[in-house]
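Data block for model_6.cif (mmCIF, C-alpha atoms and all ligand atoms):
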```cif
data_structure
#
loop_
_atom_site.label_atom_id
_atom_site.label_comp_id
_atom_site.auth_asym_id
_atom_site.auth_seq_id
_atom_site.Cartn_x
_atom_site.Cartn_y
_atom_site.Cartn_z
CA MET A 1 91.56 82.38 98.65
CA HIS A 2 92.49 85.05 101.18
CA LEU A 3 89.64 86.64 103.03
CA CYS A 4 90.44 90.17 101.90
CA ALA A 5 90.59 89.13 98.26
CA GLY A 6 87.36 87.23 98.71
CA PHE A 7 85.78 90.24 100.35
CA PHE A 8 86.17 92.26 97.17
CA GLY A 9 85.04 89.34 95.07
CA LEU A 10 88.42 88.56 93.53
CA ALA A 11 90.52 85.44 93.40
CA GLY A 12 93.88 85.82 95.13
CA GLY A 13 95.05 82.34 96.12
CA THR A 14 98.67 81.56 96.98
CA SER A 15 100.95 79.28 95.04
CA ALA A 16 104.42 77.81 95.71
CA HIS A 17 106.62 80.05 97.84
CA SER A 18 109.87 78.51 96.75
CA LYS A 19 110.70 80.80 93.86
CA ILE A 20 110.30 84.46 93.19
CA ARG A 21 107.46 85.07 90.79
CA ARG A 22 107.40 87.69 88.12
CA PRO A 23 104.86 90.52 88.43
CA GLN A 24 103.34 89.88 85.01
CA CYS A 25 101.75 86.65 86.23
CA GLY A 26 98.05 86.31 86.83
CA TYR A 27 98.42 86.20 90.60
CA LEU A 28 99.77 89.73 90.83
CA ALA A 29 97.28 90.90 88.25
CA GLY A 30 94.57 89.64 90.62
CA GLU A 31 96.03 91.67 93.48
CA TRP A 32 96.22 94.77 91.36
CA MET A 33 92.59 94.30 90.46
CA ILE A 34 91.47 94.72 94.06
CA GLU A 35 92.93 98.21 94.17
CA GLN A 36 92.06 99.02 90.57
CA LYS A 37 88.45 97.90 90.81
CA ILE A 38 87.89 100.12 93.81
CA GLU A 39 89.61 103.08 92.16
CA GLN A 40 87.86 102.54 88.80
CA PHE A 41 84.56 102.53 90.57
CA ALA A 42 85.63 105.58 92.62
CA ARG A 43 86.50 107.53 89.44
CA ARG A 44 83.07 106.82 87.97
CA HIS A 45 81.19 107.45 91.21
CA PRO A 46 83.43 109.70 93.31
CA THR A 47 80.77 110.70 95.79
CA SER A 48 78.85 107.45 95.91
CA ALA A 49 78.24 105.90 99.31
CA LEU A 50 79.61 102.60 97.95
CA THR A 51 82.92 104.28 97.03
CA ILE A 52 83.24 105.71 100.52
CA LEU A 53 82.31 102.36 102.04
CA MET A 54 84.76 100.33 99.91
CA ARG A 55 87.64 102.74 100.52
CA GLY A 56 86.80 102.89 104.19
CA LEU A 57 86.75 99.09 104.52
CA ARG A 58 90.02 98.76 102.61
CA ASP A 59 91.68 101.34 104.86
CA LEU A 60 90.24 99.67 107.94
CA LEU A 61 91.71 96.38 106.78
CA PHE A 62 95.19 97.95 106.53
CA PHE A 63 94.71 99.52 109.95
CA PHE A 64 93.96 96.08 111.40
CA ALA A 65 97.10 94.75 109.68
CA THR A 66 99.06 97.46 111.51
CA LEU A 67 97.39 96.55 114.83
CA THR A 68 98.24 92.89 114.19
CA GLY A 69 101.90 93.87 114.20
CA TYR A 70 101.60 94.80 117.87
CA ILE A 71 100.47 91.33 118.94
CA PRO A 72 103.54 89.98 120.75
CA ILE A 73 103.05 86.35 119.66
CA HIS A 74 104.45 85.19 116.32
CA ILE A 75 101.95 82.42 115.63
CA ILE A 76 98.95 84.73 116.03
CA ARG A 77 100.50 87.33 113.75
CA PHE A 78 101.38 84.61 111.26
CA VAL A 79 97.83 83.26 111.11
CA LEU A 80 96.29 86.72 110.75
CA TYR A 81 98.82 87.97 108.19
CA ARG A 82 98.35 84.87 106.09
CA SER A 83 94.65 84.14 106.33
CA VAL A 84 93.12 87.58 106.80
CA PHE A 85 95.50 90.03 105.15
CA GLY A 86 96.80 87.78 102.38
CA VAL A 87 100.54 87.99 103.03
CA ASP A 88 102.15 85.14 101.10
CA ILE A 89 104.40 83.71 103.84
CA PRO A 90 105.18 80.07 104.66
CA ARG A 91 105.27 78.67 108.18
CA ASP A 92 109.08 78.56 108.32
CA SER A 93 109.53 82.30 107.83
CA THR A 94 108.97 85.08 110.34
CA ILE A 95 107.88 88.69 110.40
CA TYR A 96 108.95 90.32 113.66
CA TRP A 97 106.58 92.64 115.37
CA ARG A 98 105.27 96.11 114.47
CA CYS A 99 105.57 95.59 110.73
CA ARG A 100 103.47 97.93 108.61
CA PHE A 101 102.14 97.36 105.11
CA PHE A 102 100.77 98.90 102.01
CA ASP A 103 98.68 96.21 100.27
CA PRO A 104 99.79 93.23 102.39
CA TYR A 105 98.40 90.81 99.74
CA GLY A 106 101.18 92.01 97.40
CA VAL A 107 103.95 90.81 99.75
CA HIS A 108 105.48 87.39 98.97
CA ILE A 109 108.06 85.78 101.24
CA GLY A 110 109.99 82.56 100.61
CA HIS A 111 111.23 79.89 103.05
CA ASN A 112 113.45 80.43 106.12
CA SER A 113 113.40 84.19 105.79
CA ILE A 114 113.23 86.79 108.54
CA VAL A 115 111.78 90.30 108.38
CA GLY A 116 113.03 92.30 111.38
CA ASN A 117 110.95 94.47 113.68
CA ASP A 118 109.36 97.73 112.55
CA ALA A 119 109.71 97.00 108.85
CA PHE A 120 107.58 98.75 106.27
CA LEU A 121 106.62 96.46 103.39
CA ASP A 122 104.95 97.95 100.34
CA GLY A 123 103.07 95.37 98.30
CA ARG A 124 101.36 97.78 95.90
CA ASN A 125 103.44 96.73 92.92
CA GLY A 126 104.55 93.40 94.32
CA LEU A 127 107.31 92.74 96.82
CA TYR A 128 109.09 89.40 96.37
CA ILE A 129 111.40 88.20 99.12
CA GLY A 130 113.21 84.94 98.42
CA ASN A 131 114.48 82.09 100.62
CA ASN A 132 117.00 82.43 103.49
CA VAL A 133 116.75 86.20 103.40
CA SER A 134 117.65 88.17 106.52
CA ILE A 135 116.15 91.63 106.86
CA ALA A 136 117.18 93.64 109.91
CA ALA A 137 115.12 96.14 111.89
CA GLN A 138 113.40 99.24 110.56
CA VAL A 139 113.83 98.50 106.89
CA LEU A 140 111.64 100.38 104.41
CA ILE A 141 110.84 98.74 101.07
CA LEU A 142 108.81 100.81 98.60
CA THR A 143 107.24 99.81 95.30
CA MET A 144 105.58 103.10 94.38
CA GLU A 145 106.60 106.75 94.10
CA HIS A 146 105.46 110.01 92.50
CA ASP A 147 106.30 110.80 88.89
CA LEU A 148 108.22 114.08 89.12
CA SER A 149 107.41 115.06 85.53
CA SER A 150 103.72 114.21 85.69
CA PRO A 151 101.50 117.29 85.34
CA THR A 152 99.22 115.76 87.97
CA PHE A 153 102.08 114.51 90.18
CA GLY A 154 100.80 111.03 89.39
CA VAL A 155 102.24 107.84 90.73
CA MET A 156 104.47 105.21 89.15
CA GLY A 157 106.57 102.34 90.40
CA GLY A 158 107.41 98.70 90.00
CA PRO A 159 108.07 95.51 91.93
CA VAL A 160 111.00 94.91 94.24
CA PHE A 161 112.77 91.55 94.19
CA ILE A 162 115.00 90.45 97.04
CA GLU A 163 116.60 87.21 96.00
CA ASP A 164 117.78 84.24 98.07
CA ARG A 165 120.36 84.69 100.89
CA VAL A 166 120.30 88.46 100.76
CA TYR A 167 121.19 90.24 104.01
CA ILE A 168 119.73 93.71 104.47
CA GLY A 169 121.12 95.78 107.34
CA SER A 170 119.07 97.90 109.69
CA ARG A 171 117.40 101.10 108.50
CA VAL A 172 117.93 100.39 104.82
CA THR A 173 115.54 101.94 102.29
CA ILE A 174 114.89 100.13 99.00
CA LEU A 175 113.20 102.08 96.22
CA PRO A 176 110.73 100.78 93.57
CA ASN A 177 111.89 98.68 90.61
CA VAL A 178 114.99 97.36 92.36
CA ARG A 179 116.30 93.81 92.29
CA VAL A 180 118.73 92.84 95.02
CA GLY A 181 120.65 89.92 93.55
CA VAL A 182 121.18 86.56 95.22
CA GLY A 183 123.50 86.64 98.23
CA ALA A 184 123.95 90.41 98.17
CA VAL A 185 124.45 92.43 101.37
CA VAL A 186 123.09 95.94 101.87
CA ALA A 187 124.93 97.81 104.63
CA SER A 188 123.03 99.44 107.44
CA GLY A 189 121.52 102.82 106.56
CA ALA A 190 121.85 102.50 102.77
CA VAL A 191 119.35 103.79 100.22
CA VAL A 192 119.17 101.35 97.32
CA THR A 193 118.18 103.09 94.09
CA LYS A 194 119.46 100.56 91.51
CA ASN A 195 119.78 96.81 91.11
CA VAL A 196 122.41 95.18 93.31
CA GLU A 197 124.69 92.56 91.76
CA PRO A 198 124.65 89.05 93.27
CA TRP A 199 127.18 88.34 96.04
CA THR A 200 128.26 91.94 96.44
CA VAL A 201 128.15 94.25 99.46
CA VAL A 202 126.76 97.73 98.85
CA GLY A 203 126.28 100.68 101.18
CA GLY A 204 125.76 104.41 101.46
CA VAL A 205 123.30 106.91 99.97
CA PRO A 206 122.81 106.05 97.16
CA ALA A 207 124.10 102.52 97.71
CA LYS A 208 127.39 101.79 95.95
CA PHE A 209 129.62 98.74 95.62
CA ILE A 210 131.82 98.14 98.68
CA LYS A 211 133.23 94.66 98.14
CA ARG A 212 132.42 91.14 97.03
CA ARG A 213 130.90 88.46 99.27
CA PRO A 214 131.89 84.78 99.00
CA VAL A 215 129.25 82.53 97.41
CA LEU A 216 127.60 80.53 100.22
CA ASN A 217 124.84 77.96 100.48
CA TYR A 218 123.40 78.19 103.99
CA VAL A 219 119.86 77.59 105.26
CA LEU A 220 118.81 80.36 107.59
CA ASP A 221 117.27 79.38 110.94
CA ALA A 222 114.17 81.55 111.18
CA SER A 223 112.72 79.57 114.11
CA THR A 224 113.90 81.81 116.98
CA ARG A 225 110.70 83.57 117.95
CA ALA A 226 110.89 85.48 121.22
CA LEU A 227 107.87 87.31 122.59
CA PHE A 228 107.90 91.07 122.09
CA GLN A 229 110.13 90.78 119.06
C1 LIG A 301 127.63 95.68 105.52
C2 LIG A 301 128.32 95.09 106.72
C3 LIG A 301 127.79 93.69 106.97
C4 LIG A 301 129.82 95.01 106.36
O1 LIG A 301 130.52 94.42 107.40
P1 LIG A 301 132.08 94.01 107.20
O2 LIG A 301 132.21 92.92 106.18
O3 LIG A 301 132.63 93.72 108.56
O4 LIG A 301 132.73 95.26 106.52
P2 LIG A 301 133.76 96.32 107.12
O5 LIG A 301 133.35 96.78 108.47
O6 LIG A 301 135.13 95.70 106.98
O7 LIG A 301 133.60 97.53 106.12
C5 LIG A 301 134.01 97.43 104.76
C6 LIG A 301 133.87 98.84 104.18
O8 LIG A 301 132.47 99.15 104.15
C7 LIG A 301 132.23 100.38 104.84
N1 LIG A 301 130.96 100.25 105.53
C8 LIG A 301 130.63 99.38 106.49
N2 LIG A 301 129.36 99.57 106.90
C9 LIG A 301 128.90 100.56 106.16
C10 LIG A 301 127.66 101.22 106.11
N3 LIG A 301 126.64 100.86 106.90
N4 LIG A 301 127.47 102.21 105.21
C11 LIG A 301 128.48 102.58 104.39
N5 LIG A 301 129.68 102.00 104.39
C12 LIG A 301 129.89 101.00 105.27
C13 LIG A 301 133.39 100.49 105.83
O9 LIG A 301 133.61 101.82 106.21
C14 LIG A 301 134.52 99.92 105.03
O10 LIG A 301 134.99 100.90 104.13
P3 LIG A 301 136.58 101.08 103.85
O11 LIG A 301 137.00 99.76 103.23
O12 LIG A 301 136.65 102.23 102.92
O13 LIG A 301 137.22 101.29 105.18
C15 LIG A 301 128.10 95.91 108.02
O14 LIG A 301 128.76 97.15 107.91
C16 LIG A 301 126.60 96.18 108.28
O15 LIG A 301 126.00 97.13 107.80
N6 LIG A 301 125.98 95.28 109.06
C17 LIG A 301 124.56 95.36 109.37
C18 LIG A 301 124.37 95.49 110.89
C19 LIG A 301 122.93 95.28 111.26
O16 LIG A 301 122.02 95.79 110.64
N7 LIG A 301 122.71 94.48 112.33
C20 LIG A 301 121.38 94.13 112.77
C21 LIG A 301 120.85 92.90 112.11
S1 LIG A 301 121.67 91.42 112.57
#
```
Can you turn what I pasted into structure tokens?
Ligand SMILES: CC(C)(COP(=O)(O)OP(=O)(O)OC[C@H]1O[C@@H](n2cnc3c(N)ncnc32)[C@H](O)[C@@H]1OP(=O)(O)O)[C@@H](O)C(=O)NCCC(=O)NCCS
Amino acid sequence: MHLCAGFFGLAGGTSAHSKIRRPQCGYLAGEWMIEQKIEQFARRHPTSALTILMRGLRDLLFFFATLTGYIPIHIIRFVLYRSVFGVDIPRDSTIYWRCRFFDPYGVHIGHNSIVGNDAFLDGRNGLYIGNNVSIAAQVLILTMEHDLSSPTFGVMGGPVFIEDRVYIGSRVTILPNVRVGVGAVVASGAVVTKNVEPWTVVGGVPAKFIKRRPVLNYVLDASTRALFQ
């Protein structure tokens, strides 16, 4: 069980990384509960000292996750992300430095995958990154947004799935409820608003089909881990 899940008294253990899990499973439900339990309690006792304390500790935890991103040594970041902040990442994958998170315990990464520097990973509704995925620098992946027709400007959203052997170019934004199909390529600077078909290249704002990509079966080498990267 991850320390942050344990802190709030909830089970949040990891399972196999090798396949992308669906958000309806119990594991994600457990992650949701951390946030929901705090907010349920906060709605009932908005001014209670416990509400302020729990929200403050949760926010502090995310702040420490941000600080962890500035540690210029991969193995230290890996250990902290995994054991303290609950990121579901195996040893053979890498998150480059200065990554920021919403709900790090909602981020799941498969084998031999790379998340480039200065990424923003939103785990609030579950972010599932498959195997042999290459994500370039400064990519923003969101799983929540505001409901434009809500009288209270409430929030909505859904999980993002990035399937095996996807290549995401630098400065791409991926919006909630999107599935990027196996082997797809998202060109640098794109904003992905809809599902991307497997083995296609998409680009632009909003991202549109550019061309097809040949079906390949490589294993990505995610072991290059320079300092300050
Ligand atoms: C998507 C990408 C891989 C395509 O490369 P490619 O196969 O060499 O494709 P081409 O350069 O032949 O371009 C094909 C078409 O896509 C368009 N295109 C290329 N990049 C684009 C982009 N970022 N946004 C929108 N359109 C793009 C080209 O203009 C071209 O259009 P045309 O056929 O109308 O002339 C590349 O453009 C890209 O974005 N690479 C990511 C770079 C990066 O992030 N590097 C850092 C991590 S390693």
Taking only C-alpha atoms and all ligand atoms into account, which residues are within 10 Å of ligand LIG 301 (chain A), as a compact mmCIF listing (two decimals) with C-alpha atoms, in the coordinates of the input?
```
# COMPACT_ATOMS: atom_id res chain seq x y z
CA GLY A 116 113.03 92.30 111.38
CA SER A 134 117.65 88.17 106.52
CA ILE A 135 116.15 91.63 106.86
CA ALA A 136 117.18 93.64 109.91
CA ALA A 137 115.12 96.14 111.89
CA GLN A 138 113.40 99.24 110.56
CA VAL A 139 113.83 98.50 106.89
CA TYR A 167 121.19 90.24 104.01
CA ILE A 168 119.73 93.71 104.47
CA GLY A 169 121.12 95.78 107.34
CA SER A 170 119.07 97.90 109.69
CA ARG A 171 117.40 101.10 108.50
CA VAL A 172 117.93 100.39 104.82
CA ALA A 184 123.95 90.41 98.17
CA VAL A 185 124.45 92.43 101.37
CA VAL A 186 123.09 95.94 101.87
CA ALA A 187 124.93 97.81 104.63
CA SER A 188 123.03 99.44 107.44
CA GLY A 189 121.52 102.82 106.56
CA ALA A 190 121.85 102.50 102.77
CA VAL A 191 119.35 103.79 100.22
CA THR A 200 128.26 91.94 96.44
CA VAL A 201 128.15 94.25 99.46
CA VAL A 202 126.76 97.73 98.85
CA GLY A 203 126.28 100.68 101.18
CA GLY A 204 125.76 104.41 101.46
CA VAL A 205 123.30 106.91 99.97
CA PRO A 206 122.81 106.05 97.16
CA ALA A 207 124.10 102.52 97.71
CA LYS A 208 127.39 101.79 95.95
CA PHE A 209 129.62 98.74 95.62
CA ILE A 210 131.82 98.14 98.68
CA LYS A 211 133.23 94.66 98.14
CA ARG A 212 132.42 91.14 97.03
CA ARG A 213 130.90 88.46 99.27
```
Ala65 (chain A) proximity check over A:His45, A:His108, A:Arg100, A:Arg82, using only C-alpha atoms: winner is A:Arg100
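Near region 148-162 of chain A, within a cut-off of 7 Å and counting all atoms listed in the file, sit the residues A:Pro23, A:Asn125, A:Gly126, A:Leu127, A:Tyr128, A:Ile129, A:Gly130, A:Thr143, A:Met144, A:Glu145, A:Val166, A:Pro176, A:Asn177, A:Val178, A:Arg179, A:Val180, A:Gly181, with same-chain residues fewer than 3 positions away left out.
For the pair CA of Val219 (chain A) and CA of Asn132 (chain A), the interatomic distance is 5.9 Å.
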One decimal place gives the CA of Tyr81 (chain A)-CA of Thr173 (chain A) separation as 22.6 Å
Legend entry - CA of Leu175 (chain A) to CA of Leu142 (chain A), distance in Å rounded to a single decimal: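 Interatomic distance here is 5.2 Å.
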Anything within 12 Å of (112.7, 84.9, 108.1): list those residues as a PDB file with C-alpha atoms, in the coordinates of the input, counting all atoms listed in the file and sticking to the file's coordinates.
```pdb
ATOM      1  CA  HIS A  74     104.450  85.190 116.320  1.00  0.00           C
ATOM      2  CA  PHE A  78     101.380  84.610 111.260  1.00  0.00           C
ATOM      3  CA  ILE A  89     104.400  83.710 103.840  1.00  0.00           C
ATOM      4  CA  PRO A  90     105.180  80.070 104.660  1.00  0.00           C
ATOM      5  CA  ARG A  91     105.270  78.670 108.180  1.00  0.00           C
ATOM      6  CA  ASP A  92     109.080  78.560 108.320  1.00  0.00           C
ATOM      7  CA  SER A  93     109.530  82.300 107.830  1.00  0.00           C
ATOM      8  CA  THR A  94     108.970  85.080 110.340  1.00  0.00           C
ATOM      9  CA  ILE A  95     107.880  88.690 110.400  1.00  0.00           C
ATOM     10  CA  TYR A  96     108.950  90.320 113.660  1.00  0.00           C
ATOM     11  CA  HIS A 108     105.480  87.390  98.970  1.00  0.00           C
ATOM     12  CA  ILE A 109     108.060  85.780 101.240  1.00  0.00           C
ATOM     13  CA  GLY A 110     109.990  82.560 100.610  1.00  0.00           C
ATOM     14  CA  HIS A 111     111.230  79.890 103.050  1.00  0.00           C
ATOM     15  CA  ASN A 112     113.450  80.430 106.120  1.00  0.00           C
ATOM     16  CA  SER A 113     113.400  84.190 105.790  1.00  0.00           C
ATOM     17  CA  ILE A 114     113.230  86.790 108.540  1.00  0.00           C
ATOM     18  CA  VAL A 115     111.780  90.300 108.380  1.00  0.00           C
ATOM     19  CA  GLY A 116     113.030  92.300 111.380  1.00  0.00           C
ATOM     20  CA  ASN A 117     110.950  94.470 113.680  1.00  0.00           C
ATOM     21  CA  ILE A 129     111.400  88.200  99.120  1.00  0.00           C
ATOM     22  CA  GLY A 130     113.210  84.940  98.420  1.00  0.00           C
ATOM     23  CA  ASN A 131     114.480  82.090 100.620  1.00  0.00           C
ATOM     24  CA  ASN A 132     117.000  82.430 103.490  1.00  0.00           C
ATOM     25  CA  VAL A 133     116.750  86.200 103.400  1.00  0.00           C
ATOM     26  CA  SER A 134     117.650  88.170 106.520  1.00  0.00           C
ATOM     27  CA  ILE A 135     116.150  91.630 106.860  1.00  0.00           C
ATOM     28  CA  ALA A 136     117.180  93.640 109.910  1.00  0.00           C
ATOM     29  CA  ASP A 164     117.780  84.240  98.070  1.00  0.00           C
ATOM     30  CA  ARG A 165     120.360  84.690 100.890  1.00  0.00           C
ATOM     31  CA  VAL A 166     120.300  88.460 100.760  1.00  0.00           C
ATOM     32  CA  TYR A 167     121.190  90.240 104.010  1.00  0.00           C
ATOM     33  CA  ILE A 168     119.730  93.710 104.470  1.00  0.00           C
ATOM     34  CA  VAL A 219     119.860  77.590 105.260  1.00  0.00           C
ATOM     35  CA  LEU A 220     118.810  80.360 107.590  1.00  0.00           C
ATOM     36  CA  ASP A 221     117.270  79.380 110.940  1.00  0.00           C
ATOM     37  CA  ALA A 222     114.170  81.550 111.180  1.00  0.00           C
ATOM     38  CA  SER A 223     112.720  79.570 114.110  1.00  0.00           C
ATOM     39  CA  THR A 224     113.900  81.810 116.980  1.00  0.00           C
ATOM     40  CA  ARG A 225     110.700  83.570 117.950  1.00  0.00           C
TER      41      ARG A 225
END
```
Min atom-atom distance to Phe102 (chain A) from the set A:Ile73, A:Leu140, A:Ile174, A:Leu227, counting all atoms listed in the file, belongs to A:Leu140
